Amino acid sequence: MNVFREAKRIVIKVGTAVLTGGGEELDIDYMASLARQIVSITHSITQRDDSKTAAADEKQTAGRIVTLVSSGAIRAGKSQLGLIDLHAISEKQAAAAVGQVQLMSIYRDLFWRHGVHVAQVLLTRDDVAVRQRFLNARNTFQKLFEWGVLPIVNENDTVATEEIKFGDNDQLAALVGLVIDADLVIMLSDVDGFYLPSGKVDVVTQITDEMMEAAEESKSGLGTGGMYSKLQAAKVAMDCGIPLVIAHGRHPDVLERVISGEAIGTLFIPRRRLPAKKRWLAYAPKTRGRIVVNEGAMLQILHHGKSLLPAGVIAVEGKFDAGDVVALTDEHGRIFAKGMVAYNSDELRRVAGLHTSKIESVLGYKPSDEVVHRNNLVIV
Ligand code: GLU
């Protein structure tokens, strides 16, 4: 398949360094060109449509659906308030709260020139990691797309403490890709791709340690990102089965050129595309506990795609509820899978190692034949 031309759901991420062009303030001319390019690659969400709903729906399927992930809030707030340096996290958070207003108001005006409404979506990691919130976010995006509205996402900096932070908008962009089921993520950066000492790499099918080391050495000053975090984001996207491109955001017509397949950046191509629920399981959630699995059951899971039954459970670590995501480990504690568990930890301790036919007599009921059903399980 042509990764680019056939991509219908696209996440475009633009970083602070690109938005400011290295200066102190947002570069509105650049943002105008970005808006024009986004409109031009989407078509379907570009025209003002007064007949709304049904027609808008149809138009969506005809064209592309784009979500923009934009940084720049902290920088905008800083320059608006005339602050020199921001040290404390709370200062950055407060500057982001100020700057986010400016950022969105600029985007709103620029996109409206093309008849496109925009929506502000602020997310934290928990909004992706907690299944119910993830589904809520997904529904909201879906409705915005149906309405022909362009979602513009940033991290919810006000509440994003270390624990729940994406860290930077690179990771956020990859995970937004997961939320909206993207088939392409485009990272607009201030470098034109990923470099090894031998030169620019056009296509990457696997991220190696050597690449991570090369990336660690490069750092861009303005955003929190840099190449290292871009590679981490690329890894997340690839593992979710989403191709990702890093390209220079200031190349003329960069979006059109990427979409038309021109090799102006670095393309990361995934090897597999998991079903939607498994993609979420593989990346988003933190696990709540661990289930130690015997070797026979582990081999059945790994090589024959089987579910985990109570008989395969040796031990249970931690406290979890039914519906939580847990890690499955071998007898030496090595994690080999993650899955959504149908038993809570107390129940599971009581039935560990038992044949399924014995469950009801021990618990008085049977939550499920499987402890972790294969549809709710992903190998890691
Ligand atoms: N959320 C931050 C902002 O809008 C940017 C984070 C990043 O640099 O990626 O300023």
# chains A, B, ... in the order shown; residues from 1 in each chain; ligands from 1
$ residues_near_ligand --ligand "ligand 1" --cutoff "10 Å" --atoms "only C-alpha atoms and all ligand atoms" --output "JSON, numbers by chain"
{"A": [13, 14, 15, 16, 17, 69, 70, 71, 72, 73, 74, 75, 76, 77, 78, 92, 93, 95, 96, 97, 99, 100, 103, 122, 123, 153, 154, 155, 156, 157, 158, 160, 165, 166, 167, 168, 169, 170, 171, 172, 173, 221, 222, 223, 224, 225, 226, 229, 230]}
$ residues_around --residues "A:Val292" --least-positions-apart "6" --cutoff "8 Å" --atoms "only C-alpha atoms" --output "PyMOL selection string"
chain A and resi 313-317+328-331+333
$ select_by_dssp --residues "stretch 147-176 of chain A" --states "alpha helix (DSSP H)" --output "mmCIF file with N, CA, C and O atoms, in the first residue's frame"
data_model
loop_
_atom_site.group_PDB
_atom_site.id
_atom_site.type_symbol
_atom_site.label_atom_id
_atom_site.label_comp_id
_atom_site.auth_asym_id
_atom_site.auth_seq_id
_atom_site.Cartn_x
_atom_site.Cartn_y
_atom_site.Cartn_z
ATOM 1 N N ASN A 169 5.071 16.532 23.571
ATOM 2 C CA ASN A 169 3.984 16.329 22.620
ATOM 3 C C ASN A 169 4.306 15.281 21.555
ATOM 4 O O ASN A 169 3.436 14.925 20.776
ATOM 5 N N ASP A 170 5.536 14.807 21.518
ATOM 6 C CA ASP A 170 5.854 13.745 20.561
ATOM 7 C C ASP A 170 5.111 12.468 20.939
ATOM 8 O O ASP A 170 4.444 11.848 20.118
ATOM 9 N N GLN A 171 5.253 12.098 22.202
ATOM 10 C CA GLN A 171 4.534 10.913 22.690
ATOM 11 C C GLN A 171 3.030 11.132 22.592
ATOM 12 O O GLN A 171 2.280 10.235 22.238
ATOM 13 N N LEU A 172 2.634 12.344 22.934
ATOM 14 C CA LEU A 172 1.205 12.673 22.861
ATOM 15 C C LEU A 172 0.684 12.426 21.445
ATOM 16 O O LEU A 172 -0.369 11.826 21.252
ATOM 17 N N ALA A 173 1.450 12.869 20.452
ATOM 18 C CA ALA A 173 1.007 12.714 19.058
ATOM 19 C C ALA A 173 0.835 11.241 18.697
ATOM 20 O O ALA A 173 -0.139 10.855 18.049
ATOM 21 N N ALA A 174 1.796 10.408 19.134
ATOM 22 C CA ALA A 174 1.692 8.981 18.810
ATOM 23 C C ALA A 174 0.450 8.382 19.461
ATOM 24 O O ALA A 174 -0.265 7.581 18.861
ATOM 25 N N LEU A 175 0.182 8.803 20.700
ATOM 26 C CA LEU A 175 -0.968 8.232 21.401
ATOM 27 C C LEU A 175 -2.286 8.801 20.900
ATOM 28 O O LEU A 175 -3.306 8.120 20.919
ATOM 29 N N VAL A 176 -2.268 10.029 20.412
ATOM 30 C CA VAL A 176 -3.474 10.554 19.753
ATOM 31 C C VAL A 176 -3.740 9.707 18.503
ATOM 32 O O VAL A 176 -4.883 9.411 18.168
#
$ residues_around --residues "stretch 107-109 of chain A" --least-positions-apart "5" --cutoff "10 Å" --atoms "only C-alpha atoms" --output "list in words"
Ile28, Met31, Ala32, Leu34, Ala35, Ser70, Gln102, His114, Gly115, Val116, His117, Val118, Ala119, Gln120, Leu150 and Ile152 of chain A
$ write_last_selection --atoms "N, CA, C and O atoms" --output "PDB file, in the first residue's frame"
ATOM      1  N   ILE A  28       3.200  33.875  13.057  1.00  0.00           N
ATOM      2  CA  ILE A  28       1.832  33.744  12.548  1.00  0.00           C
ATOM      3  C   ILE A  28       1.805  33.456  11.046  1.00  0.00           C
ATOM      4  O   ILE A  28       0.948  32.717  10.563  1.00  0.00           O
ATOM      5  N   MET A  31       2.202  29.842  10.784  1.00  0.00           N
ATOM      6  CA  MET A  31       0.984  29.136  11.198  1.00  0.00           C
ATOM      7  C   MET A  31      -0.091  29.232  10.111  1.00  0.00           C
ATOM      8  O   MET A  31      -0.863  28.299   9.894  1.00  0.00           O
ATOM      9  N   ALA A  32      -0.102  30.366   9.417  1.00  0.00           N
ATOM     10  CA  ALA A  32      -1.069  30.529   8.324  1.00  0.00           C
ATOM     11  C   ALA A  32      -0.765  29.538   7.204  1.00  0.00           C
ATOM     12  O   ALA A  32      -1.672  28.926   6.632  1.00  0.00           O
ATOM     13  N   LEU A  34       0.765  26.705   7.573  1.00  0.00           N
ATOM     14  CA  LEU A  34       0.443  25.379   8.087  1.00  0.00           C
ATOM     15  C   LEU A  34      -1.060  25.110   7.948  1.00  0.00           C
ATOM     16  O   LEU A  34      -1.483  24.043   7.492  1.00  0.00           O
ATOM     17  N   ALA A  35      -1.856  26.110   8.321  1.00  0.00           N
ATOM     18  CA  ALA A  35      -3.315  25.946   8.223  1.00  0.00           C
ATOM     19  C   ALA A  35      -3.718  25.703   6.762  1.00  0.00           C
ATOM     20  O   ALA A  35      -4.513  24.811   6.475  1.00  0.00           O
ATOM     21  N   SER A  70      -0.473  20.472  18.650  1.00  0.00           N
ATOM     22  CA  SER A  70       0.371  21.667  18.610  1.00  0.00           C
ATOM     23  C   SER A  70       0.937  22.010  19.974  1.00  0.00           C
ATOM     24  O   SER A  70       0.217  22.114  20.963  1.00  0.00           O
ATOM     25  N   GLN A 102      -3.958  32.118  23.493  1.00  0.00           N
ATOM     26  CA  GLN A 102      -3.441  32.805  22.299  1.00  0.00           C
ATOM     27  C   GLN A 102      -3.269  31.818  21.142  1.00  0.00           C
ATOM     28  O   GLN A 102      -3.674  32.093  20.004  1.00  0.00           O
ATOM     29  N   HIS A 114     -10.478  29.470   5.989  1.00  0.00           N
ATOM     30  CA  HIS A 114     -10.785  28.403   5.034  1.00  0.00           C
ATOM     31  C   HIS A 114     -12.133  27.764   5.351  1.00  0.00           C
ATOM     32  O   HIS A 114     -12.459  26.690   4.838  1.00  0.00           O
ATOM     33  N   GLY A 115     -12.876  28.397   6.258  1.00  0.00           N
ATOM     34  CA  GLY A 115     -14.186  27.862   6.604  1.00  0.00           C
ATOM     35  C   GLY A 115     -14.145  26.638   7.504  1.00  0.00           C
ATOM     36  O   GLY A 115     -15.097  25.876   7.579  1.00  0.00           O
ATOM     37  N   VAL A 116     -13.032  26.455   8.204  1.00  0.00           N
ATOM     38  CA  VAL A 116     -12.902  25.272   9.070  1.00  0.00           C
ATOM     39  C   VAL A 116     -12.985  25.689  10.540  1.00  0.00           C
ATOM     40  O   VAL A 116     -12.281  26.600  10.981  1.00  0.00           O
ATOM     41  N   HIS A 117     -13.861  25.017  11.266  1.00  0.00           N
ATOM     42  CA  HIS A 117     -13.928  25.231  12.714  1.00  0.00           C
ATOM     43  C   HIS A 117     -12.862  24.387  13.394  1.00  0.00           C
ATOM     44  O   HIS A 117     -12.576  23.271  12.948  1.00  0.00           O
ATOM     45  N   VAL A 118     -12.328  24.903  14.492  1.00  0.00           N
ATOM     46  CA  VAL A 118     -11.372  24.102  15.254  1.00  0.00           C
ATOM     47  C   VAL A 118     -11.918  23.828  16.654  1.00  0.00           C
ATOM     48  O   VAL A 118     -12.795  24.552  17.136  1.00  0.00           O
ATOM     49  N   ALA A 119     -11.392  22.772  17.287  1.00  0.00           N
ATOM     50  CA  ALA A 119     -11.775  22.435  18.662  1.00  0.00           C
ATOM     51  C   ALA A 119     -10.513  22.255  19.487  1.00  0.00           C
ATOM     52  O   ALA A 119      -9.515  21.730  18.986  1.00  0.00           O
ATOM     53  N   GLN A 120     -10.555  22.698  20.715  1.00  0.00           N
ATOM     54  CA  GLN A 120      -9.409  22.499  21.609  1.00  0.00           C
ATOM     55  C   GLN A 120      -9.587  21.217  22.407  1.00  0.00           C
ATOM     56  O   GLN A 120     -10.609  21.039  23.063  1.00  0.00           O
ATOM     57  N   LEU A 150     -11.865  20.486  13.032  1.00  0.00           N
ATOM     58  CA  LEU A 150     -10.478  20.058  13.179  1.00  0.00           C
ATOM     59  C   LEU A 150     -10.068  20.109  14.661  1.00  0.00           C
ATOM     60  O   LEU A 150      -9.989  21.190  15.252  1.00  0.00           O
ATOM     61  N   ILE A 152      -7.604  20.320  17.687  1.00  0.00           N
ATOM     62  CA  ILE A 152      -6.215  20.738  17.941  1.00  0.00           C
ATOM     63  C   ILE A 152      -5.884  20.349  19.384  1.00  0.00           C
ATOM     64  O   ILE A 152      -6.527  20.794  20.324  1.00  0.00           O
TER      65      ILE A 152
END
$ residues_around --residues "A:Asn344" --least-positions-apart "4" --cutoff "7 Å" --atoms "only C-alpha atoms" --output "mmCIF file with all heavy atoms, in the first residue's frame"
data_model
loop_
_atom_site.group_PDB
_atom_site.id
_atom_site.type_symbol
_atom_site.label_atom_id
_atom_site.label_comp_id
_atom_site.auth_asym_id
_atom_site.auth_seq_id
_atom_site.Cartn_x
_atom_site.Cartn_y
_atom_site.Cartn_z
ATOM 1 N N PHE A 320 -5.803 -6.068 42.127
ATOM 2 C CA PHE A 320 -6.471 -5.513 40.948
ATOM 3 C C PHE A 320 -7.927 -5.944 40.904
ATOM 4 O O PHE A 320 -8.347 -6.881 41.601
ATOM 5 C CB PHE A 320 -5.732 -5.915 39.665
ATOM 6 C CG PHE A 320 -5.398 -7.378 39.554
ATOM 7 C CD1 PHE A 320 -6.351 -8.301 39.141
ATOM 8 C CD2 PHE A 320 -4.117 -7.834 39.854
ATOM 9 C CE1 PHE A 320 -6.039 -9.643 39.022
ATOM 10 C CE2 PHE A 320 -3.801 -9.187 39.756
ATOM 11 C CZ PHE A 320 -4.766 -10.095 39.341
ATOM 12 N N ASP A 321 -8.678 -5.221 40.114
ATOM 13 C CA ASP A 321 -10.096 -5.537 39.922
ATOM 14 C C ASP A 321 -10.290 -6.194 38.568
ATOM 15 O O ASP A 321 -9.445 -6.042 37.678
ATOM 16 C CB ASP A 321 -10.929 -4.250 39.957
ATOM 17 C CG ASP A 321 -10.940 -3.644 41.346
ATOM 18 O OD1 ASP A 321 -11.039 -4.416 42.315
ATOM 19 O OD2 ASP A 321 -10.832 -2.404 41.440
ATOM 20 N N ALA A 322 -11.425 -6.860 38.419
ATOM 21 C CA ALA A 322 -11.769 -7.380 37.098
ATOM 22 C C ALA A 322 -11.849 -6.187 36.147
ATOM 23 O O ALA A 322 -12.379 -5.133 36.508
ATOM 24 C CB ALA A 322 -13.112 -8.095 37.169
ATOM 25 N N LEU A 348 -8.776 -14.565 42.054
ATOM 26 C CA LEU A 348 -7.789 -15.324 41.297
ATOM 27 C C LEU A 348 -6.852 -16.106 42.215
ATOM 28 O O LEU A 348 -6.467 -17.237 41.917
ATOM 29 C CB LEU A 348 -7.003 -14.365 40.386
ATOM 30 C CG LEU A 348 -6.189 -15.033 39.296
ATOM 31 C CD1 LEU A 348 -7.037 -15.998 38.469
ATOM 32 C CD2 LEU A 348 -5.584 -13.989 38.371
#
$ atom_distance --atom1 "atom CA of A:Asn136" --atom2 "atom CA of A:Leu231"
28.1 Å
$ closest_residue --among "A:Asp239, A:Asp202, A:Asp27, A:Glu295" --to "A:Gly261" --atoms "only C-alpha atoms"
A:Asp202
$ atom_distance --atom1 "atom CA of A:Leu178" --atom2 "atom CA of A:Leu377"
16.9 Å
$ closest_residue --among "A:Val341, A:Ile301, A:Ile246, A:Leu83" --to "A:Val98" --atoms "only C-alpha atoms"
A:Leu83
$ closest_residue --among "A:Ala276, A:Gln80, A:Ile106, A:Lys200" --to "A:Arg138" --atoms "only C-alpha atoms"
A:Ala276
$ select_by_dssp --residues "stretch 159-329 of chain A" --states "strand (DSSP E or B)" --output "PyMOL selection string"
chain A and resi 184-189+194-196+199-201+203-204+244-248+266-268+290-293+308+313-317+325-329
$ residues_around --residues "A:Ala263" --least-positions-apart "2" --cutoff "10 Å" --atoms "only C-alpha atoms" --output "list in words"
Gly193, Val201, Asp202, Val203, Val245, Ala247, Arg257, Val258, Ile259, Ser260, Gly261, Gly265, Thr266 and Leu267 of chain A
$ residues_around --residues "A:Pro252" --least-positions-apart "3" --cutoff "10 Å" --atoms "only C-alpha atoms" --output "list in words"
Ser33, Leu34, Gln37, His248, Gly249, Leu255, Glu256 and Arg257 of chain A
$ write_last_selection --atoms "N, CA and C atoms" --output "short mmCIF file (atom, residue, chain, number, x, y, z; two decimals), in the first residue's frame"
data_model
loop_
_atom_site.label_atom_id
_atom_site.label_comp_id
_atom_site.auth_asym_id
_atom_site.auth_seq_id
_atom_site.Cartn_x
_atom_site.Cartn_y
_atom_site.Cartn_z
N SER A 33 0.52 29.35 6.94
CA SER A 33 0.86 28.42 5.86
C SER A 33 0.56 26.98 6.29
N LEU A 34 0.77 26.71 7.57
CA LEU A 34 0.44 25.38 8.09
C LEU A 34 -1.06 25.11 7.95
N GLN A 37 -1.94 24.43 4.39
CA GLN A 37 -1.51 23.09 3.96
C GLN A 37 -2.41 22.01 4.54
N HIS A 248 10.99 18.19 8.12
CA HIS A 248 11.20 19.58 8.52
C HIS A 248 9.93 20.38 8.30
N GLY A 249 9.44 20.98 9.38
CA GLY A 249 8.17 21.70 9.29
C GLY A 249 8.22 22.93 8.43
N LEU A 255 3.69 19.28 3.91
CA LEU A 255 2.63 18.27 4.09
C LEU A 255 2.23 17.64 2.76
N GLU A 256 2.03 18.49 1.76
CA GLU A 256 1.66 17.95 0.44
C GLU A 256 2.77 17.03 -0.06
N ARG A 257 4.01 17.43 0.18
CA ARG A 257 5.12 16.62 -0.33
C ARG A 257 5.23 15.29 0.39
#
$ atom_distance --atom1 "atom CA of A:Tyr228" --atom2 "atom CA of A:Val380"
21.9 Å
$ closest_residue --among "A:Ser90, A:Gln232, A:Asn294, A:Asn139" --to "A:Arg334" --atoms "only C-alpha atoms"
A:Asn294
$ closest_residue --among "A:Tyr365, A:Arg250, A:His373, A:Glu262" --to "A:Asp192" --atoms "only C-alpha atoms"
A:Arg250
